[in-house]
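Peer 1: Sending over final-v7.txt (compact mmCIF, C-alpha atoms).
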# COMPACT_ATOMS: atom_id res chain seq x y z
CA MET A 34 0.00 0.00 0.00
CA LEU A 35 2.74 2.41 0.99
CA LYS A 36 4.78 1.36 -2.01
CA ASP A 37 1.81 2.12 -4.24
CA LYS A 38 1.59 5.62 -2.82
CA ARG A 39 5.28 6.31 -3.39
CA PHE A 40 5.03 5.06 -6.95
CA LEU A 41 1.95 7.18 -7.56
CA LEU A 42 3.76 10.21 -6.14
CA MET A 43 6.76 9.75 -8.45
CA PHE A 44 4.48 9.21 -11.40
CA GLY A 45 2.46 12.32 -10.58
CA PHE A 46 5.62 14.38 -10.25
CA ILE A 47 6.91 13.31 -13.67
CA ILE A 48 3.57 14.09 -15.32
CA TRP A 49 3.56 17.48 -13.61
CA VAL A 50 7.05 18.36 -14.89
CA LEU A 51 6.20 17.23 -18.42
CA LEU A 52 3.02 19.31 -18.43
CA TYR A 53 4.84 22.35 -17.10
CA ALA A 54 7.55 22.04 -19.74
CA SER A 55 5.00 21.88 -22.53
CA LEU A 56 3.04 25.00 -21.50
CA ILE A 57 4.65 27.40 -23.98
CA PRO A 58 4.73 25.12 -27.05
CA LEU A 59 1.18 23.98 -26.33
CA SER A 60 -0.27 27.47 -25.96
CA GLU A 61 1.57 28.62 -29.10
CA LYS A 62 0.29 25.62 -30.98
CA ILE A 63 -3.30 26.35 -29.98
CA MET A 64 -2.89 30.02 -30.89
CA SER A 65 -1.56 29.11 -34.33
CA LEU A 66 -4.59 26.91 -34.92
CA LEU A 67 -7.01 29.70 -34.03
CA PRO A 68 -7.91 32.21 -36.73
CA PHE A 69 -6.76 35.31 -34.80
CA GLU A 70 -3.82 37.60 -35.46
CA SER A 71 -1.51 37.44 -32.44
CA THR A 72 -1.15 41.22 -32.58
CA SER A 73 -4.90 41.94 -32.56
CA HIS A 74 -6.73 42.85 -29.35
CA LEU A 75 -8.48 39.51 -29.13
CA GLY A 76 -5.29 37.68 -30.04
CA LYS A 77 -3.32 39.35 -27.25
CA ALA A 78 -6.04 38.61 -24.72
CA LEU A 79 -6.33 34.98 -25.80
CA ALA A 80 -2.59 34.40 -25.80
CA PHE A 81 -2.38 35.71 -22.23
CA PHE A 82 -5.24 33.53 -21.10
CA LEU A 83 -4.11 30.34 -22.86
CA TYR A 84 -0.63 30.47 -21.42
CA ASP A 85 -1.26 31.88 -17.95
CA ALA A 86 -4.41 30.05 -16.89
CA PRO A 87 -2.96 26.53 -17.22
CA LYS A 88 0.41 27.66 -15.88
CA VAL A 89 -1.02 29.18 -12.71
CA LEU A 90 -3.37 26.25 -12.10
CA LEU A 91 -0.55 23.77 -12.55
CA LEU A 92 1.80 25.69 -10.26
CA LEU A 93 -0.94 26.03 -7.68
CA THR A 94 -1.73 22.32 -7.69
CA GLY A 95 1.91 21.48 -7.03
CA VAL A 96 2.40 24.10 -4.33
CA VAL A 97 -0.88 23.39 -2.53
CA PHE A 98 -0.05 19.68 -2.47
CA ALA A 99 3.37 20.38 -0.94
CA MET A 100 1.86 22.88 1.46
CA GLY A 101 -0.84 20.41 2.53
CA ILE A 102 1.97 18.07 3.56
CA ILE A 103 3.94 20.81 5.33
CA ASN A 104 0.77 21.87 7.17
CA THR A 105 0.61 18.50 8.90
CA TRP A 106 3.65 19.57 10.94
CA PHE A 107 2.18 22.95 11.85
CA THR A 108 -1.24 22.50 13.38
CA PRO A 109 -2.67 25.54 15.21
CA GLU A 110 -2.11 23.65 18.47
CA ARG A 111 1.57 23.17 17.75
CA THR A 112 1.99 26.80 16.68
CA ARG A 113 0.38 27.91 19.90
CA SER A 114 2.68 25.80 22.02
CA LEU A 115 5.65 27.28 20.16
CA LEU A 116 4.47 30.81 20.93
CA ALA A 117 3.15 30.43 24.47
CA GLY A 118 5.11 32.12 27.23
CA ARG A 119 7.34 34.17 24.95
CA SER A 120 7.67 37.93 25.14
CA LEU A 121 7.37 40.58 22.44
CA GLY A 122 10.25 40.82 20.03
CA LEU A 123 11.68 37.75 18.38
CA ALA A 124 8.41 35.94 19.07
CA ASN A 125 6.71 38.33 16.64
CA ILE A 126 9.03 37.19 13.86
CA LEU A 127 8.32 33.58 14.80
CA ALA A 128 4.56 34.24 14.88
CA ALA A 129 4.53 35.94 11.47
CA SER A 130 6.55 33.11 9.93
CA LEU A 131 4.31 30.48 11.50
CA GLY A 132 1.37 32.40 10.06
CA VAL A 133 2.64 31.45 6.61
CA VAL A 134 2.81 27.69 7.23
CA THR A 135 -0.06 27.14 9.68
CA PRO A 136 -3.36 26.36 7.98
CA PHE A 137 -5.68 29.26 8.66
CA CYS A 138 -9.23 30.07 7.71
CA SER A 139 -10.71 33.37 8.82
CA CYS A 140 -13.82 31.44 9.92
CA SER A 141 -11.66 29.98 12.71
CA ALA A 142 -10.13 33.32 13.66
CA VAL A 143 -12.10 33.63 16.91
CA PRO A 144 -11.39 30.20 18.44
CA LEU A 145 -7.77 30.60 17.39
CA PHE A 146 -7.54 34.02 19.00
CA ILE A 147 -9.05 32.76 22.26
CA GLY A 148 -6.87 29.67 22.20
CA PHE A 149 -3.78 31.89 21.97
CA VAL A 150 -5.01 34.16 24.78
CA GLN A 151 -5.70 31.15 27.01
CA ALA A 152 -2.24 29.77 26.51
CA GLY A 153 -0.67 33.09 27.43
CA VAL A 154 0.60 34.10 24.01
CA PRO A 155 1.19 37.89 24.25
CA LEU A 156 -1.43 39.93 22.39
CA GLY A 157 1.14 41.63 20.15
CA VAL A 158 2.48 38.24 19.10
CA THR A 159 -1.04 36.97 18.38
CA PHE A 160 -1.62 40.00 16.16
CA SER A 161 1.57 39.33 14.21
CA PHE A 162 0.17 35.88 13.47
CA LEU A 163 -3.27 37.23 12.58
CA ILE A 164 -1.85 39.79 10.15
CA ALA A 165 0.51 37.40 8.39
CA ALA A 166 -1.78 34.37 8.13
CA PRO A 167 -4.29 35.66 5.58
CA MET A 168 -1.85 38.00 3.76
CA VAL A 169 1.21 35.85 3.17
CA ASN A 170 0.15 32.42 2.06
CA GLU A 171 1.08 29.83 -0.51
CA ILE A 172 -1.65 30.90 -2.92
CA ALA A 173 -0.49 34.53 -3.05
CA LEU A 174 3.15 33.55 -3.33
CA THR A 175 2.50 31.01 -6.09
CA LEU A 176 0.51 33.46 -8.17
CA LEU A 177 3.12 36.16 -7.71
CA PHE A 178 5.84 33.73 -8.70
CA GLY A 179 3.86 32.53 -11.73
CA LEU A 180 2.88 35.94 -13.04
CA PHE A 181 5.69 38.25 -11.85
CA GLY A 182 8.68 36.01 -11.20
CA TRP A 183 10.51 35.02 -8.04
CA ARG A 184 11.86 38.48 -7.24
CA VAL A 185 8.44 40.01 -6.68
CA ALA A 186 7.27 36.89 -4.81
CA LEU A 187 10.23 37.14 -2.42
CA LEU A 188 9.73 40.86 -2.00
CA TYR A 189 6.08 40.30 -1.13
CA LEU A 190 7.05 37.61 1.37
CA GLY A 191 9.61 39.88 3.03
CA LEU A 192 7.44 42.97 3.11
CA GLY A 193 4.31 41.09 4.18
CA LEU A 194 6.21 39.55 7.08
CA SER A 195 7.63 42.96 7.99
CA VAL A 196 4.18 44.54 8.14
CA ALA A 197 2.99 41.66 10.35
CA VAL A 198 6.00 41.83 12.69
CA VAL A 199 6.00 45.62 13.07
CA GLY A 200 2.19 45.83 13.28
CA GLY A 201 2.13 43.23 16.06
CA LEU A 202 4.99 44.93 17.92
CA VAL A 203 3.26 48.31 17.80
CA LEU A 204 -0.08 46.88 18.97
CA GLY A 205 1.73 45.01 21.73
CA ARG A 206 3.58 48.12 22.92
CA LEU A 207 0.35 50.12 22.96
CA GLY A 208 -0.98 47.76 25.62
CA VAL A 209 -4.27 47.12 23.89
CA GLU A 210 -5.35 44.39 26.33
CA ARG A 211 -7.88 46.81 27.81
CA TYR A 212 -9.64 47.07 24.45
CA LEU A 213 -10.48 43.40 24.28
CA GLU A 214 -14.10 42.52 24.89
CA PRO A 215 -14.60 42.15 28.67
CA TRP A 216 -15.30 38.40 28.55
CA VAL A 217 -12.01 37.88 26.70
CA GLN A 218 -10.12 39.88 29.33
CA ASN A 219 -11.56 37.60 32.00
CA ILE A 220 -10.40 34.38 30.41
CA SER A 221 -8.18 32.58 32.83
CA LYS A 222 -4.82 31.48 31.58
CA LYS A 223 -4.09 27.82 31.72
CA ASP A 224 -1.24 25.55 30.91
CA ILE A 225 -2.04 23.71 27.79
CA ALA A 226 -0.29 20.49 27.09
CA TYR A 227 0.52 19.87 23.50
CA GLU A 228 0.33 16.34 22.25
CA SER A 229 1.59 15.76 18.80
CA GLU A 230 -0.79 13.85 16.63
CA LEU A 231 0.91 10.92 15.08
CA ASN A 232 1.16 11.34 11.37
CA THR A 233 2.41 8.58 9.17
CA PHE A 234 3.94 9.25 5.78
CA GLU A 235 0.75 8.03 4.21
CA GLN A 236 -1.43 10.36 6.30
CA ARG A 237 0.70 13.32 5.28
CA ILE A 238 0.44 12.46 1.59
CA ASN A 239 -3.32 12.10 2.00
CA ALA A 240 -3.41 15.53 3.64
CA GLY A 241 -1.63 16.97 0.60
CA ALA A 242 -4.14 15.38 -1.76
CA LEU A 243 -7.03 16.62 0.36
CA ALA A 244 -5.62 20.16 0.31
CA VAL A 245 -5.49 20.08 -3.49
CA LYS A 246 -9.09 18.90 -3.62
CA GLU A 247 -10.30 21.55 -1.19
CA VAL A 248 -8.15 24.57 -2.08
CA VAL A 249 -7.71 24.19 -5.82
CA GLY A 250 -11.28 22.93 -6.08
CA LYS A 251 -12.45 26.13 -4.45
CA VAL A 252 -10.24 28.81 -5.99
CA TRP A 253 -10.02 27.74 -9.64
CA PRO A 254 -13.10 29.73 -10.74
CA PHE A 255 -11.64 32.87 -9.14
CA ILE A 256 -8.32 32.31 -10.85
CA LEU A 257 -9.98 31.85 -14.24
CA LEU A 258 -12.12 34.92 -13.62
CA GLY A 259 -9.09 36.94 -12.52
CA ILE A 260 -7.03 35.83 -15.50
CA GLY A 261 -10.02 36.50 -17.75
CA VAL A 262 -10.29 40.08 -16.53
CA GLY A 263 -6.50 40.36 -16.77
CA ALA A 264 -6.59 39.04 -20.34
CA PHE A 265 -9.22 41.61 -21.27
CA ILE A 266 -7.07 44.41 -19.84
CA HIS A 267 -4.03 43.06 -21.68
CA GLY A 268 -5.83 42.99 -25.00
CA TYR A 269 -8.03 46.06 -24.92
CA VAL A 270 -6.72 48.67 -22.49
CA PRO A 271 -4.21 50.98 -24.23
CA GLU A 272 -0.55 50.95 -23.16
CA ASN A 273 0.25 53.40 -20.38
CA PHE A 274 -3.44 53.93 -19.71
CA MET A 275 -2.91 53.29 -16.00
CA ALA A 276 0.19 55.46 -15.76
CA SER A 277 -1.72 58.69 -15.20
CA PHE A 278 -3.61 57.52 -12.12
CA MET A 279 -1.72 54.50 -10.82
CA GLY A 280 1.75 55.54 -11.95
CA LYS A 281 4.72 56.58 -9.87
CA ASP A 282 4.06 60.29 -10.19
CA ALA A 283 0.58 60.06 -8.74
CA TRP A 284 1.63 59.82 -5.06
CA TRP A 285 -1.96 59.99 -3.85
CA SER A 286 -2.80 56.79 -5.68
CA VAL A 287 -1.07 54.70 -2.97
CA PRO A 288 -3.32 55.79 -0.06
CA LEU A 289 -6.30 55.64 -2.38
CA ALA A 290 -5.45 52.09 -3.45
CA VAL A 291 -5.08 51.01 0.19
CA LEU A 292 -8.36 52.65 1.20
CA ILE A 293 -10.28 51.05 -1.63
CA GLY A 294 -8.71 47.69 -0.83
CA ILE A 295 -9.62 47.59 2.88
CA PRO A 296 -13.30 46.66 2.68
CA MET A 297 -12.84 44.59 -0.46
CA TYR A 298 -12.66 40.88 0.00
CA SER A 299 -11.05 38.65 -2.55
CA SER A 300 -8.71 35.76 -2.27
CA ALA A 301 -5.24 36.41 -3.61
CA ALA A 302 -6.16 34.06 -6.43
CA GLY A 303 -8.64 36.45 -7.99
CA ILE A 304 -6.86 39.72 -7.49
CA ILE A 305 -3.28 38.97 -8.59
CA PRO A 306 -3.97 38.37 -12.31
CA VAL A 307 -5.84 41.69 -12.43
CA VAL A 308 -2.96 43.45 -10.67
CA GLN A 309 -0.51 41.95 -13.14
CA ALA A 310 -2.48 43.33 -16.06
CA LEU A 311 -2.71 46.79 -14.46
CA LEU A 312 1.02 46.73 -14.04
CA ALA A 313 1.56 45.92 -17.67
CA LYS A 314 -0.43 49.03 -18.55
CA GLY A 315 1.74 51.42 -16.60
CA ALA A 316 0.62 51.15 -12.97
CA ALA A 317 3.52 51.40 -10.50
CA LEU A 318 4.53 48.20 -8.71
CA GLY A 319 4.35 49.77 -5.24
CA THR A 320 0.83 51.05 -5.82
CA ALA A 321 -0.31 47.72 -7.26
CA LEU A 322 1.23 45.67 -4.43
CA ALA A 323 -0.22 47.98 -1.78
CA PHE A 324 -3.65 47.54 -3.32
CA MET A 325 -3.26 43.80 -3.35
CA MET A 326 -2.00 43.57 0.23
CA SER A 327 -4.85 45.69 1.45
CA VAL A 328 -7.45 43.57 -0.36
CA VAL A 329 -6.01 40.31 0.94
CA ALA A 330 -4.99 41.31 4.49
CA LEU A 331 -7.92 43.44 5.56
CA SER A 332 -11.52 42.70 4.78
CA LEU A 333 -14.94 43.58 6.09
CA PRO A 334 -16.00 39.95 6.73
CA GLU A 335 -12.93 39.30 8.89
CA MET A 336 -13.52 42.49 10.90
CA ILE A 337 -17.08 41.38 11.58
CA ILE A 338 -15.82 38.00 12.80
CA LEU A 339 -13.16 39.60 15.02
CA ARG A 340 -15.75 41.96 16.50
CA LYS A 341 -16.75 39.08 18.82
CA VAL A 342 -13.45 39.39 20.66
CA LEU A 343 -12.22 42.93 19.93
CA THR A 344 -13.92 46.23 20.68
CA ILE A 345 -14.61 48.59 17.78
CA ARG A 346 -11.75 50.73 19.03
CA LEU A 347 -9.24 47.92 18.81
CA ILE A 348 -10.50 46.90 15.39
CA GLY A 349 -10.03 50.50 14.27
CA LEU A 350 -6.52 50.51 15.68
CA PHE A 351 -5.71 47.17 14.08
CA VAL A 352 -6.93 48.28 10.66
CA SER A 353 -5.15 51.66 10.88
CA ILE A 354 -1.80 50.17 11.85
CA VAL A 355 -1.88 47.47 9.20
CA ALA A 356 -3.05 49.99 6.58
CA LEU A 357 -0.25 52.36 7.57
CA GLY A 358 2.29 49.56 7.20
CA ILE A 359 0.98 48.67 3.75
CA LEU A 360 1.02 52.36 2.79
CA MET A 361 4.70 52.58 3.66
CA VAL A 362 5.44 49.44 1.67
CA GLY A 363 3.76 51.06 -1.34
CA PHE A 364 5.69 54.31 -1.04
CA VAL A 365 9.04 52.61 -0.46
CA PHE A 366 8.51 50.41 -3.50
CA ASN A 367 7.62 53.29 -5.77
CA LEU A 368 10.59 55.25 -4.52
CA VAL A 369 13.18 52.48 -4.85
CA LEU A 370 12.11 50.81 -8.08
CA MET B 274 -26.23 6.01 23.22
CA LEU B 275 -23.43 8.09 21.78
CA ASP B 276 -23.40 11.73 22.60
CA VAL B 277 -22.00 13.61 19.60
CA LYS B 278 -21.30 17.33 19.53
CA VAL B 279 -20.20 19.27 16.47
CA LEU B 280 -18.36 22.45 17.51
CA GLY B 281 -18.26 25.48 15.26
CA GLY B 282 -19.93 28.73 14.33
CA GLY B 283 -21.88 29.19 11.15
CA CYS B 284 -19.09 28.07 8.83
CA ASN B 285 -19.87 25.93 5.85
CA ASN B 286 -17.56 23.10 6.89
CA CYS B 287 -19.36 22.88 10.23
CA LYS B 288 -22.70 22.39 8.52
CA MET B 289 -21.20 19.74 6.27
CA THR B 290 -19.74 17.90 9.25
CA LEU B 291 -23.08 17.92 11.03
CA LYS B 292 -24.80 16.57 7.95
CA LEU B 293 -22.21 13.86 7.44
CA VAL B 294 -22.47 12.63 11.03
CA GLU B 295 -26.24 12.58 10.77
CA GLU B 296 -26.12 10.66 7.50
CA VAL B 297 -23.69 8.02 8.70
CA ALA B 298 -25.69 7.45 11.87
CA LEU B 299 -28.91 7.10 9.90
CA GLU B 300 -27.41 4.70 7.37
CA ASN B 301 -26.16 2.44 10.13
CA GLY B 302 -29.37 2.63 12.12
CA LEU B 303 -27.54 4.15 15.06
CA GLU B 304 -29.30 6.25 17.62
CA ILE B 305 -27.14 9.16 18.63
CA ARG B 306 -27.71 12.35 20.50
CA LEU B 307 -26.42 15.00 18.10
CA GLU B 308 -25.87 18.56 19.13
CA LYS B 309 -24.40 21.59 17.39
CA VAL B 310 -22.39 23.86 19.68
CA GLU B 311 -22.06 27.39 18.35
CA ASP B 312 -21.30 29.36 21.47
CA ILE B 313 -17.65 30.35 21.39
CA GLN B 314 -17.12 29.96 25.12
CA ALA B 315 -18.60 26.48 25.06
CA ILE B 316 -16.32 25.62 22.14
CA MET B 317 -13.28 26.93 23.97
CA ALA B 318 -14.13 24.77 26.97
CA TYR B 319 -13.06 21.86 24.74
CA ASP B 320 -9.92 23.74 23.73
CA VAL B 321 -10.68 23.47 20.02
CA MET B 322 -8.91 26.20 18.03
CA SER B 323 -9.83 25.20 14.53
CA THR B 324 -13.42 24.46 13.70
CA PRO B 325 -15.26 22.27 13.00
CA GLY B 326 -14.46 20.08 15.97
CA VAL B 327 -16.20 16.84 16.90
CA VAL B 328 -16.70 15.65 20.47
CA ILE B 329 -17.91 12.15 21.30
CA ASN B 330 -18.95 11.39 24.88
CA GLY B 331 -16.94 14.34 26.08
CA THR B 332 -13.71 13.60 24.20
CA VAL B 333 -12.47 15.67 21.26
CA VAL B 334 -11.92 13.24 18.41
CA HIS B 335 -11.46 15.61 15.52
CA ARG B 336 -10.69 19.23 14.74
CA GLY B 337 -10.00 21.59 11.88
CA SER B 338 -11.74 20.03 8.90
CA VAL B 339 -14.68 18.04 7.62
CA PRO B 340 -13.82 14.48 8.70
CA SER B 341 -13.72 11.76 6.10
CA ARG B 342 -16.62 9.32 5.98
CA ASP B 343 -14.27 6.51 6.99
CA LYS B 344 -13.27 8.41 10.07
CA VAL B 345 -16.87 9.00 11.12
CA GLU B 346 -17.71 5.33 10.62
CA GLY B 347 -14.68 4.50 12.73
CA TRP B 348 -16.02 6.52 15.66
CA PHE B 349 -19.32 4.70 15.59
CA SER B 350 -17.98 1.16 15.32
CA LEU B 351 -15.70 1.73 18.31
CA GLU B 352 -18.54 1.50 20.78
Spell out the structure here as structure tokens.

Peer 2:
Amino acid sequence: MLKDKRFLLMFGFIIWVLLYASLIPLSEKIMSLLPFESTSHLGKALAFFLYDAPKVLLLLTGVVFAMGIINTWFTPERTRSLLAGRSLGLANILAASLGVVTPFCSCSAVPLFIGFVQAGVPLGVTFSFLIAAPMVNEIALTLLFGLFGWRVALLYLGLGLSVAVVGGLVLGRLGVERYLEPWVQNISKKDIAYESELNTFEQRINAGALAVKEVVGKVWPFILLGIGVGAFIHGYVPENFMASFMGKDAWWSVPLAVLIGIPMYSSAAGIIPVVQALLAKGAALGTALAFMMSVVALSLPEMIILRKVLTIRLIGLFVSIVALGILMVGFVFNLVL
Amino acid sequence: MLDVKVLGGGCNNCKMTLKLVEEVALENGLEIRLEKVEDIQAIMAYDVMSTPGVVINGTVVHRGSVPSRDKVEGWFSLE
């Protein structure tokens, strides 16, 4: 049984590599069979879609599978035990990094938050985790890598983690414990024993397969939609059209992009292809990344969920500090690049 | 009689878990006492940080995802 699984894994890997290697020739072949000029509007849009949609989906399948396996080592319980009893500082860096590899769904944000409080994880450290977890994840990084290359993906990883670390540190220093809902303040701390769940090699592989089924199964329509909108922009929006209002010279576009992004809710999967197309039409990278971070990191639904444990005041503070961090990322990018 | 609690707020996975447990019990002609726990403080009493969680006769047997059908059948045949 185990041998079967290993064989299947090898086989799947080879197929994956072969498919990935044939993306360009295949998309060119299909384009040459279609009766469109590759320089026409429709041709440009189609070429973008035919190459990028399969590429991103293929990359995502591979990364989500690997991440599903990695996740089996980083359950929320384990992450909590790693963070409990530490003080502000290095623990914020640890928390933000763990936010990347710990499976997180904003629907579980409240039990997770309380679980951290109960175990005595400092509030500032908990916030570092809560900022990083939705913003820096394998889906965002894969799409950035697929559509922009590894440099931008790494930059996003570094800057996203920085916002999470600094944001958590600031909130921790401000002593915001008094702005928690009263019932949360009254939670008694307790020692929580962590028992590792035994995971066999086979269980981990199964977890990877399940992650592909659940994650890719859920986000593929958004990716296709995002790439579709991106393809339209590529084909039909004139060059440099975005430069005037999302370009480097329009400094006000960064705060505007962040503000518009805050209430918006989209998974990274849907928004990145659109951002890529905007960029190709003259938008500045800092402005585009700030918009994306704000859409992915802050959203109205998550605020409503967190309202159960945080007072309006603390939510306001949380949003302002994260938004400020993203704003600075946008400005620095536009200045440096 | 098994006492089964599904822990979790209004999330979709929680509803699916509840439905799955109900289905499996019905198919096997098992009588269970099934309860959905939505109150966050009651959930935290079981120290479950990722929902949905499943509690059988007071013990947490599952957390963080919709359990597989095999797993649910396993819980029931244990008794």

Peer 1: Using only C-alpha atoms, which residues sit within 10 Å of segment 277-282 of chain B once same-chain residues fewer than 4 positions away are excluded, as a ChimeraX atom specification?

Peer 2: /A:140-141,143-144 /B:286-288,290-291,294-295,305-313,315-317,319,321-333,335-337

Peer 1: Find the distance between atom CA of Ala240 of chain A and atom CA of Asn104 of chain A and write it in Å to one decimal.

Peer 2: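 Distance between the two atoms: 8.4 Å.
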
Peer 1: What are the nearest atom pairs, with distances in Å to one decimal, for all residues of chain A that come at most 9 Å from chain B, using all atoms listed in the file, set out by chain and rising residue number as CSV?

Peer 2:
residue,atom,partner,partner_atom,distance
A:Thr108,CA,B:Gly337,CA,8.9
A:Pro109,CA,B:Met322,CA,6.9
A:Glu110,CA,B:Met322,CA,7.3
A:Phe137,CA,B:Ser323,CA,8.3
A:Cys138,CA,B:Ser323,CA,8.4
A:Cys140,CA,B:Cys284,CA,6.3
A:Ser141,CA,B:Ser323,CA,5.4
A:Ala142,CA,B:Ser323,CA,8.2
A:Val143,CA,B:Ile313,CA,7.9
A:Pro144,CA,B:Met322,CA,4.7
A:Leu145,CA,B:Met322,CA,4.6
A:Phe146,CA,B:Met322,CA,8.0
A:Ile147,CA,B:Met317,CA,7.4
A:Gly148,CA,B:Met322,CA,5.8
A:Phe149,CA,B:Met322,CA,8.6
A:Ile225,CA,B:Asp320,CA,8.9

Peer 1: May I have the residues within 12 Å of Ile295 of chain A as an MDAnalysis selection string, using only C-alpha atoms and disregarding those fewer than 2 positions away in the same chain?

Peer 2: chainID A and resid 288:293 297:299 323:336 349 351:353 355:357 359:360

Peer 1: Determine, counting all atoms listed in the file, which protein, DNA and RNA residues have an atom within 8 Å of an atom of Leu194 of chain A; residues of the same chain fewer than 2 positions away are not included. Present the result as a list in words.

Peer 2: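 My reading of the contact set: Ile126, Ala129, Ser130, Ala165, Val169, Leu190, Gly191, Leu192, Val196, Ala197 and Val198 of chain A.
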
Peer 1: One decimal, in Å: what's the spacing between atom CA of Met279 of chain A and atom CA of Leu163 of chain A?

Peer 2: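 Separation between atom CA of Met279 of chain A and atom CA of Leu163 of chain A: 29.1 Å.
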
Peer 1: Restricting the calculation to only C-alpha atoms, which member of A:Gly157, A:Gly182, A:Gly259, A:Pro215 is positioned closest to Phe82 of chain A?

Peer 2: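 Closest residue, counting only C-alpha atoms: A:Gly259.
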
Peer 1: Please provide as a list in words all residues within 10 Å of Asp224 of chain A, with the sequence filter that same-chain residues fewer than 3 positions apart are discarded (counting all atoms listed in the file).

Peer 2: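 My list of contacting residues is Ser114, Ala117, Gly118, Gln151, Ala152, Gly153 and Tyr227 of chain A.
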
Peer 1: Please indicate the distance in Å from atom CA of Asn170 of chain A to atom CA of Phe44 of chain A, rounded to one decimal place.

Peer 2: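 Spanning atom CA of Asn170 of chain A to atom CA of Phe44 of chain A is a straight-line distance of 27.2 Å.
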
Peer 1: Please list as a list in words every residue within 12 Å of Lys246 of chain A, counting all atoms listed in the file and excluding residues in the same chain fewer than 3 positions away.

Peer 2: Leu93, Thr94, Gly95, Val97, Phe98, Gly101, Asn239, Ala240, Gly241, Ala242, Leu243, Val249, Gly250, Lys251, Val252 and Trp253 of chain A

Peer 1: When distances are computed from only C-alpha atoms, which of B:Asp343, B:Asp276, B:Ser338, B:Phe349 shows the smallest separation from Met289 of chain B?

Peer 2: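 Under the stated criterion, the closest residue is B:Ser338.
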
Peer 1: Please complete segment 34-45 of chain A with N, CA and C atoms and give it back as an mmCIF file, in the frame of the given file.

Peer 2:
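Result written to part04.cif:
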data_model
loop_
_atom_site.group_PDB
_atom_site.id
_atom_site.type_symbol
_atom_site.label_atom_id
_atom_site.label_comp_id
_atom_site.auth_asym_id
_atom_site.auth_seq_id
_atom_site.Cartn_x
_atom_site.Cartn_y
_atom_site.Cartn_z
ATOM 1 N N MET A 34 0.840 -1.201 0.000
ATOM 2 C CA MET A 34 0.000 0.000 0.000
ATOM 3 C C MET A 34 0.870 1.244 0.000
ATOM 4 N N LEU A 35 1.857 1.265 0.895
ATOM 5 C CA LEU A 35 2.740 2.410 0.990
ATOM 6 C C LEU A 35 3.562 2.523 -0.290
ATOM 7 N N LYS A 36 3.982 1.379 -0.795
ATOM 8 C CA LYS A 36 4.780 1.360 -2.010
ATOM 9 C C LYS A 36 3.980 1.942 -3.175
ATOM 10 N N ASP A 37 2.702 1.590 -3.219
ATOM 11 C CA ASP A 37 1.810 2.120 -4.240
ATOM 12 C C ASP A 37 1.809 3.633 -4.205
ATOM 13 N N LYS A 38 1.682 4.174 -2.996
ATOM 14 C CA LYS A 38 1.590 5.620 -2.820
ATOM 15 C C LYS A 38 2.854 6.308 -3.318
ATOM 16 N N ARG A 39 4.006 5.710 -2.967
ATOM 17 C CA ARG A 39 5.280 6.310 -3.390
ATOM 18 C C ARG A 39 5.389 6.292 -4.903
ATOM 19 N N PHE A 40 4.982 5.195 -5.498
ATOM 20 C CA PHE A 40 5.030 5.060 -6.950
ATOM 21 C C PHE A 40 4.127 6.103 -7.597
ATOM 22 N N LEU A 41 2.927 6.229 -7.050
ATOM 23 C CA LEU A 41 1.950 7.180 -7.560
ATOM 24 C C LEU A 41 2.500 8.605 -7.478
ATOM 25 N N LEU A 42 3.191 8.884 -6.379
ATOM 26 C CA LEU A 42 3.760 10.210 -6.140
ATOM 27 C C LEU A 42 4.818 10.531 -7.191
ATOM 28 N N MET A 43 5.713 9.580 -7.439
ATOM 29 C CA MET A 43 6.760 9.750 -8.450
ATOM 30 C C MET A 43 6.134 9.982 -9.811
ATOM 31 N N PHE A 44 5.167 9.145 -10.116
ATOM 32 C CA PHE A 44 4.480 9.210 -11.400
ATOM 33 C C PHE A 44 3.827 10.576 -11.577
ATOM 34 N N GLY A 45 3.120 11.021 -10.527
ATOM 35 C CA GLY A 45 2.460 12.320 -10.580
ATOM 36 C C GLY A 45 3.451 13.439 -10.796
#
